[in-house]
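Below is run-v8.cif, holding mmCIF, N, CA and C atoms.
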data_start
loop_
_atom_site.label_atom_id
_atom_site.label_comp_id
_atom_site.auth_asym_id
_atom_site.auth_seq_id
_atom_site.Cartn_x
_atom_site.Cartn_y
_atom_site.Cartn_z
N MET C 16 -37.25 11.75 8.30
CA MET C 16 -35.81 11.57 8.31
C MET C 16 -35.41 10.11 8.09
N ILE C 17 -36.18 9.16 8.61
CA ILE C 17 -35.85 7.76 8.47
C ILE C 17 -35.78 7.38 7.00
N GLN C 18 -36.71 7.91 6.18
CA GLN C 18 -36.71 7.60 4.76
C GLN C 18 -35.41 8.08 4.11
N ASP C 19 -34.95 9.26 4.46
CA ASP C 19 -33.69 9.77 3.93
C ASP C 19 -32.54 8.86 4.34
N TYR C 20 -32.58 8.38 5.57
CA TYR C 20 -31.54 7.47 6.05
C TYR C 20 -31.53 6.20 5.20
N GLY C 21 -32.69 5.66 4.93
CA GLY C 21 -32.79 4.45 4.10
C GLY C 21 -32.23 4.67 2.71
N ALA C 22 -32.51 5.83 2.13
CA ALA C 22 -31.99 6.15 0.80
C ALA C 22 -30.46 6.25 0.82
N LEU C 23 -29.93 6.84 1.87
CA LEU C 23 -28.47 6.95 1.99
C LEU C 23 -27.83 5.57 2.15
N ILE C 24 -28.46 4.70 2.93
CA ILE C 24 -27.94 3.34 3.10
C ILE C 24 -27.99 2.60 1.77
N ASP C 25 -29.07 2.77 1.02
CA ASP C 25 -29.17 2.14 -0.31
C ASP C 25 -28.07 2.64 -1.23
N ASP C 26 -27.80 3.93 -1.18
CA ASP C 26 -26.74 4.51 -2.01
C ASP C 26 -25.38 3.94 -1.62
N LEU C 27 -25.13 3.84 -0.33
CA LEU C 27 -23.89 3.26 0.16
C LEU C 27 -23.75 1.82 -0.32
N GLN C 28 -24.83 1.07 -0.23
CA GLN C 28 -24.81 -0.32 -0.66
C GLN C 28 -24.50 -0.42 -2.16
N LYS C 29 -25.09 0.44 -2.97
CA LYS C 29 -24.83 0.43 -4.41
C LYS C 29 -23.38 0.75 -4.72
N GLN C 30 -22.81 1.69 -3.99
CA GLN C 30 -21.40 2.03 -4.19
C GLN C 30 -20.50 0.84 -3.87
N LEU C 31 -20.81 0.16 -2.77
CA LEU C 31 -20.02 -1.01 -2.39
C LEU C 31 -20.20 -2.16 -3.38
N GLU C 32 -21.41 -2.33 -3.89
CA GLU C 32 -21.64 -3.38 -4.89
C GLU C 32 -20.84 -3.11 -6.15
N ALA C 33 -20.74 -1.85 -6.57
CA ALA C 33 -19.95 -1.50 -7.75
C ALA C 33 -18.48 -1.84 -7.53
N LEU C 34 -17.98 -1.55 -6.35
CA LEU C 34 -16.60 -1.88 -6.03
C LEU C 34 -16.41 -3.40 -6.01
N GLN C 35 -17.35 -4.09 -5.41
CA GLN C 35 -17.27 -5.55 -5.35
C GLN C 35 -17.25 -6.15 -6.75
N ILE C 36 -18.05 -5.62 -7.65
CA ILE C 36 -18.10 -6.12 -9.03
C ILE C 36 -16.75 -5.95 -9.72
N SER C 37 -16.03 -4.91 -9.40
CA SER C 37 -14.72 -4.70 -10.02
C SER C 37 -13.65 -5.58 -9.37
N ILE C 38 -13.82 -5.92 -8.11
CA ILE C 38 -12.81 -6.71 -7.39
C ILE C 38 -13.00 -8.21 -7.59
N ALA C 39 -14.21 -8.68 -7.51
CA ALA C 39 -14.48 -10.13 -7.49
C ALA C 39 -13.85 -10.92 -8.63
N PRO C 40 -13.95 -10.49 -9.89
CA PRO C 40 -13.42 -11.33 -10.97
C PRO C 40 -11.89 -11.29 -11.13
N GLN C 41 -11.23 -10.39 -10.45
CA GLN C 41 -9.78 -10.22 -10.61
C GLN C 41 -9.05 -11.32 -9.86
N SER C 42 -8.41 -12.22 -10.59
CA SER C 42 -7.75 -13.36 -9.94
C SER C 42 -6.23 -13.30 -10.03
N GLN C 43 -5.70 -12.29 -10.67
CA GLN C 43 -4.25 -12.16 -10.83
C GLN C 43 -3.74 -10.96 -10.04
N PRO C 44 -2.54 -11.06 -9.48
CA PRO C 44 -1.95 -9.91 -8.77
C PRO C 44 -1.81 -8.70 -9.71
N THR C 45 -2.46 -7.63 -9.36
CA THR C 45 -2.41 -6.39 -10.13
C THR C 45 -2.40 -5.19 -9.19
N PRO C 46 -1.23 -4.91 -8.60
CA PRO C 46 -1.15 -3.81 -7.62
C PRO C 46 -1.64 -2.47 -8.15
N LYS C 47 -1.47 -2.21 -9.44
CA LYS C 47 -1.91 -0.94 -10.00
C LYS C 47 -3.43 -0.80 -9.92
N ILE C 48 -4.16 -1.88 -10.22
CA ILE C 48 -5.61 -1.85 -10.14
C ILE C 48 -6.07 -1.69 -8.69
N VAL C 49 -5.33 -2.29 -7.78
CA VAL C 49 -5.70 -2.20 -6.36
C VAL C 49 -5.69 -0.74 -5.90
N LYS C 50 -4.79 0.06 -6.44
CA LYS C 50 -4.77 1.49 -6.08
C LYS C 50 -6.08 2.17 -6.47
N ASP C 51 -6.62 1.79 -7.63
CA ASP C 51 -7.92 2.33 -8.04
C ASP C 51 -9.01 1.89 -7.08
N TRP C 52 -8.96 0.63 -6.66
CA TRP C 52 -9.93 0.13 -5.70
C TRP C 52 -9.83 0.89 -4.38
N GLN C 53 -8.60 1.16 -3.96
CA GLN C 53 -8.41 1.88 -2.71
C GLN C 53 -8.98 3.29 -2.81
N ARG C 54 -8.79 3.94 -3.95
CA ARG C 54 -9.36 5.28 -4.13
C ARG C 54 -10.89 5.23 -4.07
N SER C 55 -11.47 4.21 -4.71
CA SER C 55 -12.93 4.06 -4.67
C SER C 55 -13.41 3.83 -3.24
N LEU C 56 -12.69 3.00 -2.51
CA LEU C 56 -13.06 2.74 -1.12
C LEU C 56 -12.93 4.00 -0.28
N ASP C 57 -11.91 4.80 -0.53
CA ASP C 57 -11.76 6.07 0.19
C ASP C 57 -12.97 6.97 -0.05
N ASP C 58 -13.45 7.01 -1.29
CA ASP C 58 -14.64 7.80 -1.62
C ASP C 58 -15.87 7.26 -0.88
N ILE C 59 -15.99 5.94 -0.84
CA ILE C 59 -17.12 5.31 -0.15
C ILE C 59 -17.07 5.62 1.34
N GLN C 60 -15.89 5.52 1.92
CA GLN C 60 -15.75 5.83 3.36
C GLN C 60 -16.07 7.30 3.62
N GLN C 61 -15.65 8.18 2.74
CA GLN C 61 -15.95 9.61 2.90
C GLN C 61 -17.46 9.84 2.85
N PHE C 62 -18.13 9.19 1.91
CA PHE C 62 -19.58 9.29 1.81
C PHE C 62 -20.23 8.80 3.11
N PHE C 63 -19.79 7.65 3.59
CA PHE C 63 -20.34 7.06 4.81
C PHE C 63 -20.16 8.01 5.99
N GLN C 64 -18.96 8.55 6.13
CA GLN C 64 -18.68 9.44 7.26
C GLN C 64 -19.47 10.75 7.16
N SER C 65 -19.51 11.35 5.99
CA SER C 65 -20.12 12.67 5.88
C SER C 65 -21.63 12.65 5.73
N LYS C 66 -22.18 11.63 5.10
CA LYS C 66 -23.62 11.61 4.83
C LYS C 66 -24.42 10.77 5.81
N ILE C 67 -23.78 9.79 6.45
CA ILE C 67 -24.52 8.88 7.32
C ILE C 67 -24.12 9.02 8.78
N ILE C 68 -22.82 8.97 9.05
CA ILE C 68 -22.35 9.01 10.45
C ILE C 68 -22.46 10.41 11.05
N ASN C 69 -21.86 11.37 10.41
CA ASN C 69 -21.77 12.71 10.97
C ASN C 69 -22.92 13.60 10.49
N THR C 70 -24.13 13.16 10.81
CA THR C 70 -25.31 13.93 10.43
C THR C 70 -26.28 13.99 11.60
N ASN C 71 -27.35 14.69 11.40
CA ASN C 71 -28.38 14.79 12.43
C ASN C 71 -29.55 13.86 12.16
N LEU C 72 -29.33 12.85 11.33
CA LEU C 72 -30.39 11.91 11.02
C LEU C 72 -30.79 11.14 12.28
N GLU C 73 -32.08 10.94 12.42
CA GLU C 73 -32.56 10.14 13.55
C GLU C 73 -32.48 8.67 13.14
N ILE C 74 -31.82 7.88 13.97
CA ILE C 74 -31.70 6.46 13.67
C ILE C 74 -32.04 5.63 14.90
N THR C 75 -32.45 4.42 14.65
CA THR C 75 -32.81 3.52 15.74
C THR C 75 -31.54 2.96 16.38
N PRO C 76 -31.64 2.47 17.60
CA PRO C 76 -30.46 1.84 18.24
C PRO C 76 -29.91 0.67 17.41
N GLN C 77 -30.80 -0.11 16.78
CA GLN C 77 -30.33 -1.22 15.95
C GLN C 77 -29.52 -0.70 14.77
N ASN C 78 -30.02 0.35 14.12
CA ASN C 78 -29.29 0.92 12.98
C ASN C 78 -27.97 1.53 13.43
N LEU C 79 -27.93 2.08 14.62
CA LEU C 79 -26.68 2.61 15.14
C LEU C 79 -25.66 1.49 15.31
N SER C 80 -26.10 0.36 15.84
CA SER C 80 -25.22 -0.80 15.98
C SER C 80 -24.72 -1.27 14.61
N LEU C 81 -25.61 -1.26 13.62
CA LEU C 81 -25.21 -1.66 12.28
C LEU C 81 -24.21 -0.68 11.69
N GLN C 82 -24.39 0.60 11.98
CA GLN C 82 -23.43 1.61 11.51
C GLN C 82 -22.04 1.33 12.06
N VAL C 83 -21.97 0.99 13.33
CA VAL C 83 -20.69 0.69 13.96
C VAL C 83 -20.04 -0.49 13.26
N GLU C 84 -20.83 -1.53 12.98
CA GLU C 84 -20.29 -2.71 12.31
C GLU C 84 -19.87 -2.41 10.88
N ILE C 85 -20.67 -1.63 10.16
CA ILE C 85 -20.31 -1.26 8.79
C ILE C 85 -19.03 -0.45 8.79
N ASP C 86 -18.92 0.49 9.72
CA ASP C 86 -17.71 1.31 9.82
C ASP C 86 -16.49 0.42 10.06
N LYS C 87 -16.62 -0.53 10.96
CA LYS C 87 -15.52 -1.44 11.26
C LYS C 87 -15.14 -2.26 10.02
N GLN C 88 -16.14 -2.76 9.31
CA GLN C 88 -15.85 -3.59 8.14
C GLN C 88 -15.25 -2.79 7.00
N LEU C 89 -15.66 -1.53 6.85
CA LEU C 89 -15.05 -0.67 5.84
C LEU C 89 -13.57 -0.44 6.15
N LYS C 90 -13.28 -0.24 7.42
CA LYS C 90 -11.87 -0.06 7.82
C LYS C 90 -11.07 -1.34 7.59
N MET C 91 -11.68 -2.48 7.89
CA MET C 91 -11.01 -3.76 7.67
C MET C 91 -10.81 -4.02 6.17
N LEU C 92 -11.77 -3.62 5.36
CA LEU C 92 -11.64 -3.76 3.91
C LEU C 92 -10.48 -2.92 3.40
N LYS C 93 -10.31 -1.76 3.98
CA LYS C 93 -9.17 -0.91 3.59
C LYS C 93 -7.85 -1.62 3.90
N VAL C 94 -7.78 -2.27 5.04
CA VAL C 94 -6.57 -3.05 5.39
C VAL C 94 -6.40 -4.22 4.42
N ASP C 95 -7.52 -4.90 4.11
CA ASP C 95 -7.46 -6.01 3.16
C ASP C 95 -6.89 -5.55 1.82
N LEU C 96 -7.35 -4.41 1.33
CA LEU C 96 -6.86 -3.91 0.05
C LEU C 96 -5.40 -3.50 0.12
N SER C 97 -4.98 -2.94 1.24
CA SER C 97 -3.57 -2.60 1.40
C SER C 97 -2.70 -3.85 1.36
N MET C 98 -3.16 -4.88 2.03
CA MET C 98 -2.41 -6.14 2.04
C MET C 98 -2.44 -6.81 0.66
N LEU C 99 -3.55 -6.65 -0.03
CA LEU C 99 -3.67 -7.19 -1.37
C LEU C 99 -2.69 -6.51 -2.32
N GLN C 100 -2.55 -5.22 -2.15
CA GLN C 100 -1.64 -4.47 -3.02
C GLN C 100 -0.19 -4.92 -2.85
N THR C 101 0.18 -5.31 -1.64
CA THR C 101 1.57 -5.71 -1.40
C THR C 101 1.81 -7.20 -1.64
N SER C 102 0.76 -7.93 -2.00
CA SER C 102 0.92 -9.37 -2.27
C SER C 102 1.77 -9.55 -3.52
N ARG C 103 2.74 -10.44 -3.41
CA ARG C 103 3.64 -10.70 -4.53
C ARG C 103 3.41 -12.06 -5.17
N SER C 104 3.05 -13.04 -4.38
CA SER C 104 2.84 -14.38 -4.94
C SER C 104 1.37 -14.59 -5.27
N GLN C 105 1.12 -15.51 -6.17
CA GLN C 105 -0.26 -15.83 -6.57
C GLN C 105 -1.04 -16.36 -5.37
N ALA C 106 -0.43 -17.21 -4.56
CA ALA C 106 -1.12 -17.80 -3.41
C ALA C 106 -1.52 -16.73 -2.39
N THR C 107 -0.62 -15.80 -2.12
CA THR C 107 -0.92 -14.72 -1.17
C THR C 107 -2.01 -13.83 -1.74
N TRP C 108 -1.91 -13.52 -3.03
CA TRP C 108 -2.93 -12.70 -3.68
C TRP C 108 -4.31 -13.35 -3.52
N GLN C 109 -4.38 -14.63 -3.81
CA GLN C 109 -5.68 -15.32 -3.75
C GLN C 109 -6.25 -15.32 -2.33
N LYS C 110 -5.38 -15.51 -1.36
CA LYS C 110 -5.83 -15.50 0.04
C LYS C 110 -6.38 -14.12 0.42
N ARG C 111 -5.63 -13.09 0.09
CA ARG C 111 -6.05 -11.72 0.42
C ARG C 111 -7.31 -11.33 -0.36
N HIS C 112 -7.36 -11.74 -1.61
CA HIS C 112 -8.51 -11.45 -2.46
C HIS C 112 -9.77 -12.09 -1.86
N GLN C 113 -9.63 -13.33 -1.40
CA GLN C 113 -10.77 -14.02 -0.79
C GLN C 113 -11.21 -13.31 0.49
N GLN C 114 -10.26 -12.81 1.26
CA GLN C 114 -10.62 -12.07 2.47
C GLN C 114 -11.44 -10.83 2.13
N ALA C 115 -11.03 -10.12 1.09
CA ALA C 115 -11.77 -8.92 0.68
C ALA C 115 -13.17 -9.31 0.20
N CYS C 116 -13.28 -10.38 -0.57
CA CYS C 116 -14.59 -10.83 -1.06
C CYS C 116 -15.49 -11.26 0.10
N ASP C 117 -14.91 -11.93 1.09
CA ASP C 117 -15.67 -12.32 2.28
C ASP C 117 -16.18 -11.10 3.04
N ARG C 118 -15.38 -10.06 3.06
CA ARG C 118 -15.76 -8.81 3.74
C ARG C 118 -17.00 -8.21 3.06
N PHE C 119 -17.03 -8.25 1.72
CA PHE C 119 -18.20 -7.75 1.00
C PHE C 119 -19.45 -8.56 1.36
N THR C 120 -19.29 -9.87 1.50
CA THR C 120 -20.42 -10.73 1.86
C THR C 120 -20.96 -10.34 3.23
N LEU C 121 -20.07 -10.09 4.17
CA LEU C 121 -20.48 -9.68 5.50
C LEU C 121 -21.19 -8.32 5.46
N LEU C 122 -20.64 -7.39 4.70
CA LEU C 122 -21.27 -6.07 4.57
C LEU C 122 -22.67 -6.20 3.97
N GLU C 123 -22.81 -7.09 3.00
CA GLU C 123 -24.12 -7.30 2.39
C GLU C 123 -25.14 -7.78 3.42
N ARG C 124 -24.71 -8.65 4.32
CA ARG C 124 -25.61 -9.11 5.38
C ARG C 124 -26.04 -7.96 6.29
N TYR C 125 -25.12 -7.06 6.59
CA TYR C 125 -25.46 -5.91 7.42
C TYR C 125 -26.50 -5.03 6.73
N PHE C 126 -26.34 -4.86 5.41
CA PHE C 126 -27.32 -4.04 4.69
C PHE C 126 -28.69 -4.70 4.69
N GLN C 127 -28.72 -6.00 4.63
CA GLN C 127 -30.01 -6.72 4.67
C GLN C 127 -30.70 -6.53 6.01
N MET C 128 -29.94 -6.28 7.06
CA MET C 128 -30.52 -6.09 8.39
C MET C 128 -31.14 -4.70 8.55
N HIS C 129 -30.76 -3.76 7.69
CA HIS C 129 -31.30 -2.39 7.80
C HIS C 129 -32.75 -2.37 7.47
#
Write-out of the structure in structure tokens:
Amino acid sequence: MIQDYGALIDDLQKQLEALQISIAPQSQPTPKIVKDWQRSLDDIQQFFQSKIINTNLEITPQNLSLQVEIDKQLKMLKVDLSMLQTSRSQATWQKRHQQACDRFTLLERYFQMH
């Protein structure tokens, strides 16, 4: 079962990396594109909840702690994207965009701990 868990975590990480690749280079306010990002994040959260959290996989206490942190960061990323979508000025957009990018960096560190 642990091997299956590792494969699921790898898949989750790949999905997040794909989203990060689409978000990182965008430096201009584009609320329409943010909606696409939000849909992708919703899919990622659904995958995380249905395939990793709500399963009978055996996981270590450390991995359980990491799951809690990943779940929290995914929820915070959703808030970041919502705030990004409502940004109207370039300065606000850049600040919110940087917050979302920082969130991806933190998530990447959590995946390295698995």
Near Leu34 of chain C, within 7 Å and counting all atoms listed in the file, which residues show up once chain neighbours fewer than 5 positions away are dropped, as a list in words?
-> Lys29, Ala39 and Trp52 of chain C
Find the residues near Leu23 of chain C: any atom within 12 Å, counting only C-alpha atoms, skip ones fewer than 2 places away on the same chain, and give them as a ChimeraX atom specification.
-> /C:16-21,25-30,59,62-68,70,72,126,129
Residues from last step as file, N, CA and C atoms, as an mmCIF file, in the coordinates of the input:
data_model
loop_
_atom_site.group_PDB
_atom_site.id
_atom_site.type_symbol
_atom_site.label_atom_id
_atom_site.label_comp_id
_atom_site.auth_asym_id
_atom_site.auth_seq_id
_atom_site.Cartn_x
_atom_site.Cartn_y
_atom_site.Cartn_z
ATOM 1 N N MET C 16 -37.250 11.750 8.300
ATOM 2 C CA MET C 16 -35.810 11.570 8.310
ATOM 3 C C MET C 16 -35.410 10.110 8.090
ATOM 4 N N ILE C 17 -36.180 9.160 8.610
ATOM 5 C CA ILE C 17 -35.850 7.760 8.470
ATOM 6 C C ILE C 17 -35.780 7.380 7.000
ATOM 7 N N GLN C 18 -36.710 7.910 6.180
ATOM 8 C CA GLN C 18 -36.710 7.600 4.760
ATOM 9 C C GLN C 18 -35.410 8.080 4.110
ATOM 10 N N ASP C 19 -34.950 9.260 4.460
ATOM 11 C CA ASP C 19 -33.690 9.770 3.930
ATOM 12 C C ASP C 19 -32.540 8.860 4.340
ATOM 13 N N TYR C 20 -32.580 8.380 5.570
ATOM 14 C CA TYR C 20 -31.540 7.470 6.050
ATOM 15 C C TYR C 20 -31.530 6.200 5.200
ATOM 16 N N GLY C 21 -32.690 5.660 4.930
ATOM 17 C CA GLY C 21 -32.790 4.450 4.100
ATOM 18 C C GLY C 21 -32.230 4.670 2.710
ATOM 19 N N ASP C 25 -29.070 2.770 1.020
ATOM 20 C CA ASP C 25 -29.170 2.140 -0.310
ATOM 21 C C ASP C 25 -28.070 2.640 -1.230
ATOM 22 N N ASP C 26 -27.800 3.930 -1.180
ATOM 23 C CA ASP C 26 -26.740 4.510 -2.010
ATOM 24 C C ASP C 26 -25.380 3.940 -1.620
ATOM 25 N N LEU C 27 -25.130 3.840 -0.330
ATOM 26 C CA LEU C 27 -23.890 3.260 0.160
ATOM 27 C C LEU C 27 -23.750 1.820 -0.320
ATOM 28 N N GLN C 28 -24.830 1.070 -0.230
ATOM 29 C CA GLN C 28 -24.810 -0.320 -0.660
ATOM 30 C C GLN C 28 -24.500 -0.420 -2.160
ATOM 31 N N LYS C 29 -25.090 0.440 -2.970
ATOM 32 C CA LYS C 29 -24.830 0.430 -4.410
ATOM 33 C C LYS C 29 -23.380 0.750 -4.720
ATOM 34 N N GLN C 30 -22.810 1.690 -3.990
ATOM 35 C CA GLN C 30 -21.400 2.030 -4.190
ATOM 36 C C GLN C 30 -20.500 0.840 -3.870
ATOM 37 N N ILE C 59 -15.990 5.940 -0.840
ATOM 38 C CA ILE C 59 -17.120 5.310 -0.150
ATOM 39 C C ILE C 59 -17.070 5.620 1.340
ATOM 40 N N PHE C 62 -18.130 9.190 1.910
ATOM 41 C CA PHE C 62 -19.580 9.290 1.810
ATOM 42 C C PHE C 62 -20.230 8.800 3.110
ATOM 43 N N PHE C 63 -19.790 7.650 3.590
ATOM 44 C CA PHE C 63 -20.340 7.060 4.810
ATOM 45 C C PHE C 63 -20.160 8.010 5.990
ATOM 46 N N GLN C 64 -18.960 8.550 6.130
ATOM 47 C CA GLN C 64 -18.680 9.440 7.260
ATOM 48 C C GLN C 64 -19.470 10.750 7.160
ATOM 49 N N SER C 65 -19.510 11.350 5.990
ATOM 50 C CA SER C 65 -20.120 12.670 5.880
ATOM 51 C C SER C 65 -21.630 12.650 5.730
ATOM 52 N N LYS C 66 -22.180 11.630 5.100
ATOM 53 C CA LYS C 66 -23.620 11.610 4.830
ATOM 54 C C LYS C 66 -24.420 10.770 5.810
ATOM 55 N N ILE C 67 -23.780 9.790 6.450
ATOM 56 C CA ILE C 67 -24.520 8.880 7.320
ATOM 57 C C ILE C 67 -24.120 9.020 8.780
ATOM 58 N N ILE C 68 -22.820 8.970 9.050
ATOM 59 C CA ILE C 68 -22.350 9.010 10.450
ATOM 60 C C ILE C 68 -22.460 10.410 11.050
ATOM 61 N N THR C 70 -24.130 13.160 10.810
ATOM 62 C CA THR C 70 -25.310 13.930 10.430
ATOM 63 C C THR C 70 -26.280 13.990 11.600
ATOM 64 N N LEU C 72 -29.330 12.850 11.330
ATOM 65 C CA LEU C 72 -30.390 11.910 11.020
ATOM 66 C C LEU C 72 -30.790 11.140 12.280
ATOM 67 N N PHE C 126 -26.340 -4.860 5.410
ATOM 68 C CA PHE C 126 -27.320 -4.040 4.690
ATOM 69 C C PHE C 126 -28.690 -4.700 4.690
ATOM 70 N N HIS C 129 -30.760 -3.760 7.690
ATOM 71 C CA HIS C 129 -31.300 -2.390 7.800
ATOM 72 C C HIS C 129 -32.750 -2.370 7.470
#
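With atom CA of Ala115 of chain C on one side and atom CA of Leu96 of chain C on the other, the separation reads 7.0 Å.
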Using backbone DSSP assignments, extract all alpha helix (DSSP H) residues from chain C; output them as a PyMOL selection string.
-> chain C and resi 17-38+46-62+76-100+105-128
Residues matched by the PyMOL selection byres ((chain C and resi 43) around 8) as a list in words |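 So the PyMOL selection byres ((chain C and resi 43) around 8) ends up selecting Pro40, Gln41, Ser42, Pro44, Thr45, Pro46, Ser104, Gln105, Trp108 and Gln109 of chain C.
The two atoms in question, atom C of Leu122 of chain C and atom C of Gln35 of chain C, are spaced 12.0 Å apart.
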Take atom CA of Glu84 of chain C and atom CA of Arg111 of chain C and report the distance between them in Å, one decimal.
->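 For atom CA of Glu84 of chain C relative to atom CA of Arg111 of chain C, the distance reads 20.6 Å.
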Using all atoms listed in the file, which residue out of C:Asn78, C:Gln53, C:Gln113, C:Gln60 lies closest to Ser97 of chain C?
-> C:Gln53
Of C:Ile74, C:Leu89, C:Ile36, C:Ile48, the one sitting nearest Gln61 of chain C when using only C-alpha atoms is C:Leu89
